[in-house]
$ cat run03.cif   # mmCIF, C-alpha atoms; chains and numbers go by the auth columns
data_run
#
loop_
_atom_site.group_PDB
_atom_site.id
_atom_site.type_symbol
_atom_site.label_atom_id
_atom_site.label_comp_id
_atom_site.label_asym_id
_atom_site.label_seq_id
_atom_site.Cartn_x
_atom_site.Cartn_y
_atom_site.Cartn_z
_atom_site.B_iso_or_equiv
_atom_site.auth_seq_id
_atom_site.auth_asym_id
ATOM 1 C CA VAL A 1 -32.899 7.117 -14.227 0.00 4 H
ATOM 2 C CA SER A 2 -29.387 7.322 -15.643 0.00 5 H
ATOM 3 C CA GLU A 3 -27.515 7.708 -12.339 0.00 6 H
ATOM 4 C CA ALA A 4 -28.028 6.155 -8.921 0.00 7 H
ATOM 5 C CA PRO A 5 -29.607 8.690 -6.505 0.00 8 H
ATOM 6 C CA SER A 6 -27.206 9.832 -3.797 0.00 9 H
ATOM 7 C CA PHE A 7 -29.732 9.186 -1.006 0.00 10 H
ATOM 8 C CA LEU A 8 -29.072 5.441 -1.425 0.00 11 H
ATOM 9 C CA GLY A 9 -26.137 5.900 0.915 0.00 12 H
ATOM 10 C CA LYS A 10 -28.490 6.576 3.835 0.00 13 H
ATOM 11 C CA TRP A 11 -30.117 3.135 3.648 0.00 14 H
ATOM 12 C CA LYS A 12 -27.436 1.051 5.339 0.00 15 H
ATOM 13 C CA ASN A 13 -29.621 -1.996 6.044 0.00 16 H
ATOM 14 C CA ILE A 14 -30.906 -2.542 2.503 0.00 17 H
ATOM 15 C CA LYS A 15 -30.897 -6.223 1.497 0.00 18 H
ATOM 16 C CA GLU A 16 -31.730 -6.116 -2.223 0.00 19 H
ATOM 17 C CA LEU A 17 -31.335 -3.398 -4.839 0.00 20 H
ATOM 18 C CA PHE A 18 -33.162 -3.418 -8.189 0.00 21 H
ATOM 19 C CA LEU A 19 -31.741 -1.306 -11.026 0.00 22 H
ATOM 20 C CA ASP A 20 -33.561 -3.039 -13.861 0.00 23 H
ATOM 21 C CA CYS A 21 -34.667 -1.156 -16.993 0.00 24 H
ATOM 22 C CA ARG A 22 -32.132 1.596 -16.416 0.00 25 H
ATOM 23 C CA GLU A 23 -31.216 3.983 -19.190 0.00 26 H
ATOM 24 C CA HIS A 24 -27.436 3.983 -18.760 0.00 27 H
ATOM 25 C CA GLU A 25 -26.009 0.510 -19.431 0.00 28 H
ATOM 26 C CA ASN A 26 -22.786 1.261 -17.571 0.00 29 H
ATOM 27 C CA MET A 27 -24.379 2.713 -14.471 0.00 30 H
ATOM 28 C CA GLU A 28 -22.870 -0.071 -12.352 0.00 31 H
ATOM 29 C CA ASP A 29 -19.471 1.555 -12.885 0.00 32 H
ATOM 30 C CA SER A 30 -20.623 5.103 -12.109 0.00 33 H
ATOM 31 C CA GLU A 31 -18.840 7.025 -9.390 0.00 34 H
ATOM 32 C CA ILE A 32 -22.123 7.945 -7.697 0.00 35 H
ATOM 33 C CA LEU A 33 -23.244 4.342 -7.434 0.00 36 H
ATOM 34 C CA GLN A 34 -19.872 3.216 -6.122 0.00 37 H
ATOM 35 C CA LYS A 35 -19.987 5.915 -3.449 0.00 38 H
ATOM 36 C CA ALA A 36 -23.607 5.277 -2.582 0.00 39 H
ATOM 37 C CA LEU A 37 -23.045 1.565 -2.001 0.00 40 H
ATOM 38 C CA SER A 38 -19.660 1.804 -0.314 0.00 41 H
ATOM 39 C CA GLY A 39 -21.129 1.841 3.202 0.00 42 H
ATOM 40 C CA PHE A 40 -23.589 -1.001 2.811 0.00 43 H
ATOM 41 C CA MET A 41 -22.863 -3.876 5.155 0.00 44 H
ATOM 42 C CA SER A 42 -25.877 -6.105 4.463 0.00 45 H
ATOM 43 C CA ILE A 43 -26.556 -5.831 0.717 0.00 46 H
ATOM 44 C CA ARG A 44 -26.163 -9.233 -0.878 0.00 47 H
ATOM 45 C CA LYS A 45 -28.245 -9.113 -4.062 0.00 48 H
ATOM 46 C CA LEU A 46 -28.251 -6.647 -6.911 0.00 49 H
ATOM 47 C CA VAL A 47 -30.446 -6.816 -10.007 0.00 50 H
ATOM 48 C CA GLU A 48 -29.107 -4.610 -12.780 0.00 51 H
ATOM 49 C CA THR A 49 -30.422 -6.180 -16.003 0.00 52 H
ATOM 50 C CA SER A 50 -33.262 -4.900 -18.173 0.00 53 H
ATOM 51 C CA ASP A 51 -34.784 -8.388 -18.454 0.00 54 H
ATOM 52 C CA PRO A 52 -36.114 -10.153 -15.320 0.00 55 H
ATOM 53 C CA PRO A 53 -33.556 -12.882 -14.497 0.00 56 H
ATOM 54 C CA GLU A 54 -34.358 -16.298 -13.132 0.00 57 H
ATOM 55 C CA GLU A 55 -31.969 -15.681 -10.282 0.00 58 H
ATOM 56 C CA LEU A 56 -30.697 -12.438 -8.802 0.00 59 H
ATOM 57 C CA ASN A 57 -27.309 -11.403 -10.166 0.00 60 H
ATOM 58 C CA VAL A 58 -24.550 -10.756 -7.697 0.00 61 H
ATOM 59 C CA ALA A 59 -22.136 -7.943 -8.530 0.00 62 H
ATOM 60 C CA PRO A 60 -19.132 -8.388 -6.205 0.00 63 H
ATOM 61 C CA SER A 61 -17.507 -5.130 -7.295 0.00 64 H
ATOM 62 C CA LEU A 62 -20.443 -3.189 -5.831 0.00 65 H
ATOM 63 C CA LEU A 63 -20.816 -5.023 -2.544 0.00 66 H
ATOM 64 C CA ALA A 64 -19.495 -3.500 0.638 0.00 67 H
ATOM 65 C CA PHE A 65 -16.216 -5.288 1.419 0.00 68 H
ATOM 66 C CA HIS A 66 -17.154 -5.753 5.058 0.00 69 H
ATOM 67 C CA ASP A 67 -17.294 -9.573 4.995 0.00 70 H
ATOM 68 C CA ILE A 68 -14.123 -9.878 2.917 0.00 71 H
ATOM 69 C CA ALA A 69 -12.210 -7.635 5.297 0.00 72 H
ATOM 70 C CA GLU A 70 -13.553 -9.483 8.324 0.00 73 H
ATOM 71 C CA LYS A 71 -12.474 -12.877 6.988 0.00 74 H
ATOM 72 C CA ALA A 72 -9.058 -11.520 6.020 0.00 75 H
ATOM 73 C CA GLU A 73 -8.546 -10.134 9.508 0.00 76 H
ATOM 74 C CA LEU A 74 -9.205 -13.549 11.030 0.00 77 H
ATOM 75 C CA SER A 75 -7.288 -15.680 8.520 0.00 78 H
ATOM 76 C CA GLY A 76 -4.592 -13.340 7.232 0.00 79 H
ATOM 77 C CA ILE A 77 -5.683 -14.224 3.687 0.00 80 H
ATOM 78 C CA LEU A 78 -7.216 -11.540 1.464 0.00 81 H
ATOM 79 C CA GLN A 79 -9.172 -12.810 -1.561 0.00 82 H
ATOM 80 C CA LEU A 80 -10.116 -10.115 -4.091 0.00 83 H
ATOM 81 C CA LYS A 81 -9.777 -12.104 -7.283 0.00 84 H
ATOM 82 C CA GLY A 82 -11.719 -11.142 -10.400 0.00 85 H
ATOM 83 C CA LEU A 83 -13.702 -8.218 -8.964 0.00 86 H
ATOM 84 C CA HIS A 84 -12.855 -5.750 -11.773 0.00 87 H
ATOM 85 C CA LEU A 85 -11.060 -3.497 -9.287 0.00 88 H
ATOM 86 C CA HIS A 86 -9.331 -0.406 -10.653 0.00 89 H
ATOM 87 C CA ALA A 87 -7.756 0.481 -7.308 0.00 90 H
ATOM 88 C CA PHE A 88 -6.951 -1.050 -3.948 0.00 91 H
ATOM 89 C CA PRO A 89 -9.946 -0.979 -1.557 0.00 92 H
ATOM 90 C CA ASP A 90 -9.645 1.458 1.348 0.00 93 H
ATOM 91 C CA PHE A 91 -9.605 -1.191 4.077 0.00 94 H
ATOM 92 C CA PHE A 92 -6.499 -2.741 2.521 0.00 95 H
ATOM 93 C CA PHE A 93 -4.307 0.072 3.829 0.00 96 H
ATOM 94 C CA GLU A 94 -5.439 -0.538 7.405 0.00 97 H
ATOM 95 C CA MET A 95 -4.755 -4.266 7.551 0.00 98 H
ATOM 96 C CA GLY A 96 -1.754 -4.764 5.267 0.00 99 H
ATOM 97 C CA ARG A 97 0.686 -5.641 8.030 0.00 100 H
ATOM 98 C CA SER A 98 -1.396 -8.599 9.219 0.00 101 H
ATOM 99 C CA LEU A 99 -1.765 -10.303 5.830 0.00 102 H
ATOM 100 C CA SER A 100 0.198 -13.401 4.863 0.00 103 H
ATOM 101 C CA GLU A 101 -1.502 -14.009 1.508 0.00 104 H
ATOM 102 C CA ILE A 102 -3.067 -11.629 -1.027 0.00 105 H
ATOM 103 C CA ASP A 103 -4.894 -12.536 -4.222 0.00 106 H
ATOM 104 C CA LEU A 104 -5.677 -9.507 -6.392 0.00 107 H
ATOM 105 C CA SER A 105 -5.432 -11.394 -9.663 0.00 108 H
ATOM 106 C CA ARG A 106 -7.742 -10.870 -12.639 0.00 109 H
ATOM 107 C CA ASN A 107 -8.589 -7.263 -11.900 0.00 110 H
ATOM 108 C CA LEU A 108 -7.916 -3.975 -13.722 0.00 111 H
ATOM 109 C CA LEU A 109 -5.125 -2.570 -11.557 0.00 112 H
ATOM 110 C CA VAL A 110 -2.649 -0.291 -13.332 0.00 113 H
ATOM 111 C CA GLU A 111 -0.464 0.654 -10.372 0.00 114 H
ATOM 112 C CA ILE A 112 0.404 -0.238 -6.810 0.00 115 H
ATOM 113 C CA PRO A 113 0.361 2.840 -4.547 0.00 116 H
ATOM 114 C CA ASN A 114 3.299 3.247 -2.183 0.00 117 H
ATOM 115 C CA SER A 115 0.793 3.588 0.646 0.00 118 H
ATOM 116 C CA ALA A 116 -0.121 -0.067 0.087 0.00 119 H
ATOM 117 C CA LEU A 117 3.310 -1.178 1.157 0.00 120 H
ATOM 118 C CA GLY A 118 3.529 -2.369 4.722 0.00 121 H
ATOM 119 C CA LEU A 119 3.301 -6.037 3.924 0.00 122 H
ATOM 120 C CA VAL A 120 6.051 -7.260 6.197 0.00 123 H
ATOM 121 C CA ALA A 121 4.309 -10.592 6.929 0.00 124 H
ATOM 122 C CA LEU A 122 3.273 -11.322 3.338 0.00 125 H
ATOM 123 C CA LYS A 123 4.324 -14.735 1.996 0.00 126 H
ATOM 124 C CA THR A 124 2.156 -15.202 -1.102 0.00 127 H
ATOM 125 C CA LEU A 125 1.232 -12.464 -3.582 0.00 128 H
ATOM 126 C CA ARG A 126 -0.898 -12.908 -6.688 0.00 129 H
ATOM 127 C CA LEU A 127 -1.197 -9.870 -8.943 0.00 130 H
ATOM 128 C CA ASN A 128 -1.356 -11.728 -12.229 0.00 131 H
ATOM 129 C CA ASN A 129 -3.776 -10.741 -15.001 0.00 132 H
ATOM 130 C CA ASN A 130 -3.894 -7.022 -14.298 0.00 133 H
ATOM 131 C CA ARG A 131 -2.525 -4.022 -16.203 0.00 134 H
ATOM 132 C CA LEU A 132 0.533 -3.239 -14.105 0.00 135 H
ATOM 133 C CA LYS A 133 3.423 -1.480 -15.839 0.00 136 H
ATOM 134 C CA THR A 134 5.731 -1.029 -12.857 0.00 137 H
ATOM 135 C CA ILE A 135 6.221 -2.347 -9.330 0.00 138 H
ATOM 136 C CA PRO A 136 7.365 0.229 -6.706 0.00 139 H
ATOM 137 C CA SER A 137 10.903 -0.271 -5.441 0.00 140 H
ATOM 138 C CA SER A 138 9.557 0.124 -1.911 0.00 141 H
ATOM 139 C CA PHE A 139 7.916 -3.265 -2.392 0.00 142 H
ATOM 140 C CA ALA A 140 11.240 -4.623 -1.183 0.00 143 H
ATOM 141 C CA VAL A 141 9.835 -4.474 2.364 0.00 144 H
ATOM 142 C CA CYS A 142 8.150 -7.810 1.559 0.00 145 H
ATOM 143 C CA THR A 143 11.159 -9.707 2.856 0.00 146 H
ATOM 144 C CA ALA A 144 9.048 -12.718 3.927 0.00 147 H
ATOM 145 C CA LEU A 145 7.597 -13.242 0.443 0.00 148 H
ATOM 146 C CA THR A 146 8.128 -16.773 -0.913 0.00 149 H
ATOM 147 C CA MET A 147 5.862 -16.757 -3.997 0.00 150 H
ATOM 148 C CA MET A 148 5.063 -13.850 -6.300 0.00 151 H
ATOM 149 C CA ASN A 149 2.901 -14.043 -9.426 0.00 152 H
ATOM 150 C CA LEU A 150 3.110 -10.974 -11.684 0.00 153 H
ATOM 151 C CA SER A 151 2.361 -12.780 -14.922 0.00 154 H
ATOM 152 C CA HIS A 152 0.029 -11.429 -17.618 0.00 155 H
ATOM 153 C CA ASN A 153 0.685 -7.742 -16.960 0.00 156 H
ATOM 154 C CA CYS A 154 2.489 -4.986 -18.891 0.00 157 H
ATOM 155 C CA LEU A 155 5.849 -4.975 -17.098 0.00 158 H
ATOM 156 C CA GLN A 156 8.860 -3.935 -19.187 0.00 159 H
ATOM 157 C CA HIS A 157 11.513 -4.542 -16.547 0.00 160 H
ATOM 158 C CA ILE A 158 12.222 -7.014 -13.785 0.00 161 H
ATOM 159 C CA PRO A 159 11.034 -5.210 -10.617 0.00 162 H
ATOM 160 C CA PHE A 160 14.016 -3.849 -8.681 0.00 163 H
ATOM 161 C CA ALA A 161 12.206 -4.725 -5.466 0.00 164 H
ATOM 162 C CA ILE A 162 12.947 -8.406 -6.079 0.00 165 H
ATOM 163 C CA ASN A 163 16.457 -7.857 -4.789 0.00 166 H
ATOM 164 C CA GLY A 164 15.154 -7.332 -1.262 0.00 167 H
ATOM 165 C CA MET A 165 13.039 -10.496 -1.229 0.00 168 H
ATOM 166 C CA CYS A 166 15.549 -12.776 0.430 0.00 169 H
ATOM 167 C CA GLU A 167 12.993 -15.567 1.052 0.00 170 H
ATOM 168 C CA LEU A 168 11.603 -15.617 -2.499 0.00 171 H
ATOM 169 C CA ARG A 169 11.415 -19.152 -3.934 0.00 172 H
ATOM 170 C CA HIS A 170 9.107 -18.819 -6.937 0.00 173 H
ATOM 171 C CA ALA A 171 8.584 -15.816 -9.230 0.00 174 H
ATOM 172 C CA PHE A 172 6.175 -15.831 -12.167 0.00 175 H
ATOM 173 C CA LEU A 173 6.764 -13.046 -14.694 0.00 176 H
ATOM 174 C CA GLN A 174 5.634 -14.692 -17.919 0.00 177 H
ATOM 175 C CA CYS A 175 3.448 -12.954 -20.485 0.00 178 H
ATOM 176 C CA ASN A 176 4.680 -9.411 -19.877 0.00 179 H
ATOM 177 C CA GLU A 177 6.701 -7.053 -22.092 0.00 180 H
ATOM 178 C CA ILE A 178 10.100 -7.520 -20.453 0.00 181 H
ATOM 179 C CA LEU A 179 12.984 -6.692 -22.815 0.00 182 H
ATOM 180 C CA PHE A 180 16.044 -7.568 -20.742 0.00 183 H
ATOM 181 C CA LEU A 181 16.632 -10.086 -18.002 0.00 184 H
ATOM 182 C CA ASP A 182 18.888 -7.735 -16.092 0.00 185 H
ATOM 183 C CA GLY A 183 17.054 -7.618 -12.811 0.00 186 H
ATOM 184 C CA PRO A 184 18.938 -7.373 -9.509 0.00 187 H
ATOM 185 C CA PHE A 185 18.946 -10.939 -8.237 0.00 188 H
ATOM 186 C CA GLU A 186 21.811 -10.635 -5.753 0.00 189 H
ATOM 187 C CA GLY A 187 19.443 -10.910 -2.787 0.00 190 H
ATOM 188 C CA CYS A 188 17.463 -13.849 -4.185 0.00 191 H
ATOM 189 C CA THR A 189 19.718 -16.552 -2.861 0.00 192 H
ATOM 190 C CA LYS A 190 16.810 -18.950 -2.256 0.00 193 H
ATOM 191 C CA LEU A 191 15.134 -18.540 -5.645 0.00 194 H
ATOM 192 C CA LEU A 192 14.173 -21.963 -7.050 0.00 195 H
ATOM 193 C CA SER A 193 12.132 -21.045 -10.131 0.00 196 H
ATOM 194 C CA LEU A 194 11.743 -17.995 -12.340 0.00 197 H
ATOM 195 C CA ASN A 195 9.273 -18.030 -15.234 0.00 198 H
ATOM 196 C CA VAL A 196 9.911 -15.284 -17.792 0.00 199 H
ATOM 197 C CA SER A 197 8.500 -17.043 -20.848 0.00 200 H
ATOM 198 C CA GLN A 198 6.504 -15.171 -23.495 0.00 201 H
ATOM 199 C CA ASN A 199 8.282 -11.854 -23.037 0.00 202 H
ATOM 200 C CA ARG A 200 10.590 -9.934 -25.399 0.00 203 H
ATOM 201 C CA ILE A 201 13.888 -10.917 -23.821 0.00 204 H
ATOM 202 C CA SER A 202 16.924 -10.915 -26.108 0.00 205 H
ATOM 203 C CA ASP A 203 19.721 -11.155 -23.545 0.00 206 H
ATOM 204 C CA ILE A 204 20.253 -13.008 -20.273 0.00 207 H
ATOM 205 C CA SER A 205 22.361 -11.303 -17.646 0.00 208 H
ATOM 206 C CA SER A 206 25.157 -13.057 -15.773 0.00 209 H
ATOM 207 C CA LYS A 207 23.584 -11.923 -12.500 0.00 210 H
ATOM 208 C CA PHE A 208 21.933 -15.319 -12.199 0.00 211 H
ATOM 209 C CA SER A 209 25.181 -16.684 -10.829 0.00 212 H
ATOM 210 C CA CYS A 210 24.115 -15.506 -7.374 0.00 213 H
ATOM 211 C CA CYS A 211 20.975 -17.696 -7.509 0.00 214 H
ATOM 212 C CA LYS A 212 22.839 -20.875 -6.635 0.00 215 H
ATOM 213 C CA SER A 213 19.647 -22.709 -5.734 0.00 216 H
ATOM 214 C CA MET A 214 18.609 -22.504 -9.397 0.00 217 H
ATOM 215 C CA LEU A 215 21.878 -23.857 -10.745 0.00 218 H
#
$ encode --input "run03.cif" --output "structure tokens"
Amino acid sequence: VSEAPSFLGKWKNIKELFLDCREHENMEDSEILQKALSGFMSIRKLVETSDPPEELNVAPSLLAFHDIAEKAELSGILQLKGLHLHAFPDFFFEMGRSLSEIDLSRNLLVEIPNSALGLVALKTLRLNNNRLKTIPSSFAVCTALTMMNLSHNCLQHIPFAINGMCELRHAFLQCNEILFLDGPFEGCTKLLSLNVSQNRISDISSKFSCCKSML
């Protein structure tokens, strides 16, 4: 078998799934398998190696996100760190407005869709260690944000959206590809720390004069 059979999607109460001795080594990333497992609410164990393991391997990127979404709804904190995500999970768009903290660090995200922006209550955002090249200007709706970590990405400019984050205290932008420190900081009157180390910056703008809390 080189692809997961589509009928897997009909077995919603499956507890364990064995894919050992498969032909295609990257089948865990296949679109069919992702779709087949997307509705599972009870799967907790997945064996996908060709050699019998001592313990069952857990593959978080293939689990239904039911428990994660449920916990986030109750606590307002969404933890999706290190799940090898290429895109935002579907349930994210339904609960964005209720979240106060989001951790999507250490994934494979290359963009933030505009439809993901409704995060009016968000205070802490971790998107570090992804592959982001830009941040949508509409992200400025995050006016309650106090800490933002965008380090270890591929950003070439300071996100314009920062200007609308009037409550922002700490911004981490180190280890990107930023060339100029010319971001719009007029609205960041409460900014206490800004880390832009290990970039390609050759000039510092005078716009920092508005960040009196940093002076």
$ atom_distance --input "run03.cif" --atom1 "CA of Phe68 (chain H)" --atom2 "CA of Asn133 (chain H)"
20.0 Å
$ residues_around --input "run03.cif" --residues "region 84-94 of chain H" --least-positions-apart "4" --cutoff "10 Å" --atoms "all atoms listed in the file" --output "short mmCIF file (atom, residue, chain, number, x, y, z; two decimals) with C-alpha atoms, keeping the file's coordinate frame"
data_model
loop_
_atom_site.label_atom_id
_atom_site.label_comp_id
_atom_site.auth_asym_id
_atom_site.auth_seq_id
_atom_site.Cartn_x
_atom_site.Cartn_y
_atom_site.Cartn_z
CA ASP H 32 -19.47 1.56 -12.88
CA ALA H 62 -22.14 -7.94 -8.53
CA PRO H 63 -19.13 -8.39 -6.20
CA SER H 64 -17.51 -5.13 -7.30
CA LEU H 65 -20.44 -3.19 -5.83
CA PHE H 68 -16.22 -5.29 1.42
CA HIS H 69 -17.15 -5.75 5.06
CA ILE H 71 -14.12 -9.88 2.92
CA ALA H 72 -12.21 -7.64 5.30
CA MET H 98 -4.76 -4.27 7.55
CA GLY H 99 -1.75 -4.76 5.27
CA ILE H 105 -3.07 -11.63 -1.03
CA ASP H 106 -4.89 -12.54 -4.22
CA LEU H 107 -5.68 -9.51 -6.39
CA SER H 108 -5.43 -11.39 -9.66
CA ARG H 109 -7.74 -10.87 -12.64
CA ASN H 110 -8.59 -7.26 -11.90
CA LEU H 111 -7.92 -3.98 -13.72
CA LEU H 112 -5.12 -2.57 -11.56
CA VAL H 113 -2.65 -0.29 -13.33
CA GLU H 114 -0.46 0.65 -10.37
CA ILE H 115 0.40 -0.24 -6.81
CA PRO H 116 0.36 2.84 -4.55
CA ALA H 119 -0.12 -0.07 0.09
CA ARG H 129 -0.90 -12.91 -6.69
CA LEU H 130 -1.20 -9.87 -8.94
CA ASN H 131 -1.36 -11.73 -12.23
CA ASN H 132 -3.78 -10.74 -15.00
CA ASN H 133 -3.89 -7.02 -14.30
CA ARG H 134 -2.52 -4.02 -16.20
#
$ resolve_selection --input "run03.cif" --expression "the PyMOL selection byres ((chain H and resi 176) around 9)" --output "PyMOL selection string"
chain H and resi 131+151-156+158+161+174-175+177-179+181+197-200+202
$ residues_around --input "run03.cif" --residues "Ile80 (chain H)" --least-positions-apart "4" --cutoff "8 Å" --atoms "all atoms listed in the file" --output "list in words"
Lys74, Ala75, Glu76, Leu102, Ser103, Glu104 and Ile105 of chain H
$ write_last_selection --input "run03.cif" --atoms "C-alpha atoms" --output "PDB file, keeping the file's coordinate frame"
ATOM      1  CA  LYS H  74     -12.474 -12.877   6.988  1.00  0.00           C
ATOM      2  CA  ALA H  75      -9.058 -11.520   6.020  1.00  0.00           C
ATOM      3  CA  GLU H  76      -8.546 -10.134   9.508  1.00  0.00           C
ATOM      4  CA  LEU H 102      -1.765 -10.303   5.830  1.00  0.00           C
ATOM      5  CA  SER H 103       0.198 -13.401   4.863  1.00  0.00           C
ATOM      6  CA  GLU H 104      -1.502 -14.009   1.508  1.00  0.00           C
ATOM      7  CA  ILE H 105      -3.067 -11.629  -1.027  1.00  0.00           C
TER       8      ILE H 105
END
$ atom_distance --input "run03.cif" --atom1 "CA of Leu81 (chain H)" --atom2 "CA of Gly190 (chain H)"
27.0 Å
$ atom_distance --input "run03.cif" --atom1 "CA of Asp185 (chain H)" --atom2 "CA of Cys157 (chain H)"
16.9 Å
$ resolve_selection --input "run03.cif" --expression "the PyMOL selection byres ((chain H and resi 171) around 10)" --output "list in words"
Lys126, Thr127, Cys145, Thr146, Ala147, Leu148, Thr149, Met150, Met151, Ile165, Asn166, Gly167, Met168, Cys169, Glu170, Arg172, His173, Ala174, Gly190, Cys191, Thr192, Lys193, Leu194, Leu195 and Ser196 of chain H
